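Peer 1: Input: one structure, supplied below.
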Amino acid sequence: MRLFVSVALAGLLLLLSIPALAHHSAGNFWYTDKNVEVQGTVKSVKIINPHPEMVIEVTDANGTKADWRITGGGNASGMIRAGWKNGTLPVGMLVKVVGHPSRTEGAKALLAGKVTTPEGKVLDFSAGSGPIDE
Amino acid sequence: MHFIRSEATPHVRKWVMFGIMFLGIGVIAGQLDLLAQRPESSFPHAKPGVTYENIPHDLIGNWKPFPENRNCGSLKDERGTPRGTCQYPVDQLEKIMNDRARAWIKFFDEPISPKWSCVSGNVTTELGDIYMWNFSATEEAVTQVFEQSNWPRYIYIDGRPHPPATQVFYQGHAIGWMDGDDFIVETMNFAFDPDGMDDQSHIATSHMKKQTERYKLVDKDSMVLTVTVEDPIFFNEPFTWTIKLKKMTTPFTGEWFCDPDVGLHHLYSTAPQRYKDDKLFEKYKD
């Protein structure tokens with residue numbers, strides 16, 4: 001597996017339109033004007049609060065493995081309403097994740113974001129972070 | 001004490017004792033002065049408590065606040081980054097903050113906030129948060145259940161007053177009554193809360209906080225909530241803001257699983273490390 005890291009401009013953010021932690025000040029914790037893409041194997045997915053979390057194992061170009069912690073931009077209630085379950089992304093699946101990097105230098109953490117499965121299906125790991133529609 | 005007991009200095013001893021008495025009187029007077037500044041309950045004791053039949057039927061149900069992203073004023077985080085999300089006009093609140101409130105904001109760092117360890121949002125925050133809440137009523141109380149953390153707030157409508165100041169609670173003690181067509185909720189007996197005004201801007205409130213809510217139905221499906229917070233420990237004047245609410249037919253998910261381990265990982269992988277001996281940072285930074 002390869003690690004793809006790309007720092008993009010704010011324009012890309014608009015294309016991705018990642019809902020940014022509807023309640024929290026995402027910009028105080030994440031570089032919301034930058035995006036990073038990582039690819040790895042799902043180790044765990046928790047549709048839980050305060051924010052959903054996914055851990056993926058990423059292997060860099062040197063073959064070194066590291067766990068990346070992916071934080072969902074919404075909350076468990078919103079993701080459950082959007083149809084997410086703990087088994088939506090099974091452990092062991094190879095996924096590509098695009099998200100905002102942490103403001104803490106060197107942290108292997110992203111605010112996601114879009115998750116792409118091997119079949120090319122794109123899932124929103126920030127589902128439900130917006131207002132509830134009636 | 002040896003100095004005071006010395007028989008060789010009776011004159012000095014007399015003046016030292018006088019000084020101690022003077023200081024004691026000053027401290028007591030200061031305490032009385034603070035007590036005098038504690039906001040008074042506005043509960044209309046002359047009237048009986050509101051009865052179940054007085055509660056407007058349209059008040060019952062699921063309500064969803066529609067918070068506006070208000071001006072965060074000059075607030076910045078530990079990195080010096082301006083705060084990006086504020087539920088109420090902090091630029092207006094800043095005008096009535098005292099120096100103690102400003103000192104607290106400078107002292108504050110993110111791990112102090114209880115929210116990272118799954119403590120439910122305080123009632124001031126949750127009234128204007130994005131989550132639904134529900135009103136139901138019994139003869140004793142209007143119950144307000146917040147989807148955030150799935151916690152129930154009992155607003156007593158049976159005429160009971162607040163408990164004595166010796167008792168404090170994280171969410172305070174709430175009593176309610178009708179004022180014409182408006183439902184009034186008064187909450188006092190709060191404990192000190194580092195996030196008392198809301199858990200984004202991290203403005204504290206004290207045991208002297210008094211919160212008054214006025215729920216005014218616009219029609220059967222919409223409501224305006226006016227909230228006033230008084231707290232002479234941190235604010236020089238009462239602060240008032242409004243929240244628009246819409247009645248929802250969306251049901252609660254009915255669950256709120258929260259994992260402090262996930263919250264602390266989130267915190268320590270994104271917030272700066274202010275104190276080098278913060279052992280939690282080493283544990284949760286990745």
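Numbering starts fresh at 1 for the residues of each chain in the structure tokens, the chains themselves are lettered A, B, ... in the order given, and ligands are numbered from 1 as they appear.
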What residues in chain A have any atom no more than 6 Å from chain B when counting only C-alpha atoms, and can you write them as a list in words?
Peer 2: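 Written out as asked, the residues are Ser25, Phe29, Ile48, Asn49, Pro50, Ser102, Arg103, Thr104 and Ala107 of chain A.
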Peer 1: Give me, as a ChimeraX atom specification, all polymer residues having an atom no more than 6 Å from Val97 (chain A), counting only C-alpha atoms and skipping those fewer than 5 positions away in the same chain.
Peer 2: /A:37-38,114-115
Peer 1: Can those selected residues be exported to a file as a short mmCIF file (atom, residue, chain, number, x, y, z; two decimals), in the first residue's frame so that it contains N, CA, C and O atoms?
Peer 2:
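Output saved as result31.cif:
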data_model
loop_
_atom_site.label_atom_id
_atom_site.label_comp_id
_atom_site.auth_asym_id
_atom_site.auth_seq_id
_atom_site.Cartn_x
_atom_site.Cartn_y
_atom_site.Cartn_z
N GLU A 37 -4.71 13.01 1.59
CA GLU A 37 -5.32 11.74 1.18
C GLU A 37 -4.44 10.59 1.68
O GLU A 37 -3.22 10.61 1.47
N VAL A 38 -5.05 9.65 2.36
CA VAL A 38 -4.31 8.46 2.82
C VAL A 38 -5.06 7.21 2.37
O VAL A 38 -6.29 7.24 2.18
N LYS A 114 -14.37 12.16 2.91
CA LYS A 114 -14.82 11.16 1.95
C LYS A 114 -14.01 9.87 2.09
O LYS A 114 -12.78 9.92 2.17
N VAL A 115 -14.70 8.76 2.09
CA VAL A 115 -14.06 7.45 2.16
C VAL A 115 -14.43 6.70 0.88
O VAL A 115 -15.61 6.54 0.56
#
Peer 1: Quick one: residues within 9 Å of Gln144 (chain B), only C-alpha atoms counted, chain neighbours fewer than 2 positions away excluded, as a ChimeraX atom specification?
Peer 2: /B:133-137,142,146,151-155
Peer 1: Please produce a file of those selected residues containing C-alpha atoms, as a PDB file, in the first residue's frame.
Peer 2:
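Listing of out30.pdb after writing:
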ATOM      1  CA  TRP B 133     -34.633  18.270  22.610  1.00  0.00           C
ATOM      2  CA  ASN B 134     -38.055  17.205  23.820  1.00  0.00           C
ATOM      3  CA  PHE B 135     -40.639  18.731  26.155  1.00  0.00           C
ATOM      4  CA  SER B 136     -43.042  16.486  28.063  1.00  0.00           C
ATOM      5  CA  ALA B 137     -45.044  17.271  31.203  1.00  0.00           C
ATOM      6  CA  VAL B 142     -41.839  19.673  32.642  1.00  0.00           C
ATOM      7  CA  PHE B 146     -31.734  16.564  25.264  1.00  0.00           C
ATOM      8  CA  TRP B 151     -30.026  13.559  29.549  1.00  0.00           C
ATOM      9  CA  PRO B 152     -33.278  14.663  31.204  1.00  0.00           C
ATOM     10  CA  ARG B 153     -33.735  18.057  32.808  1.00  0.00           C
ATOM     11  CA  TYR B 154     -36.543  18.368  35.325  1.00  0.00           C
ATOM     12  CA  ILE B 155     -38.167  21.785  35.412  1.00  0.00           C
TER      13      ILE B 155
END
Peer 1: In Å, how far is it from CA of Ile96 (chain B) to CA of Ala204 (chain B)?
Peer 2: 13.6 Å
Peer 1: So which residues touch Gly92 (chain A) within 7 Å, counting only C-alpha atoms, skipping near sequence neighbours fewer than 3 positions away, as a ChimeraX atom specification?
Peer 2: /A:41-43
Peer 1: Quick one, how far is CA of Thr138 (chain B) from CA of Ala191 (chain B)?
Peer 2: 26.9 Å
Peer 1: Could you check how far CA of Ala101 (chain B) sits from CA of Arg38 (chain B), in Å to one decimal?
Peer 2: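 Interatomic distance, CA of Ala101 (chain B) to CA of Arg38 (chain B): 16.8 Å.
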Peer 1: Counting only C-alpha atoms, figure out which residue out of A:His51, A:Lys46, A:Lys34, A:Lys85 gets nearest to Thr71 (chain A).
Peer 2: A:His51
Peer 1: Where does DSSP see helix (DSSP H, G or I) in region 6-131 of chain A, if you list the residues as a PyMOL selection string?
Peer 2: chain A and resi 10-16+26-28+76-81
Peer 1: Identify all residues of region 13-172 of chain B in strand (DSSP E or B) (DSSP on the backbone) and supply them as number ranges by chain.
Peer 2: B: 61-65, 76, 82, 97, 133-137, 141-146, 151-156, 169
Peer 1: Could you give me, as a ChimeraX atom specification, the residues within 6 Å of Glu140 (chain B), counting only C-alpha atoms and dropping anything in the same chain fewer than 4 positions from it?
Peer 2: /B:156-158
Peer 1: Nearest to His100 (chain A) among A:Ser44, A:Ser126, A:Thr88, A:Thr64, with distances taken over only C-alpha atoms: which residue is it?
Peer 2: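 So, comparing all the options, the nearest one is A:Ser126.
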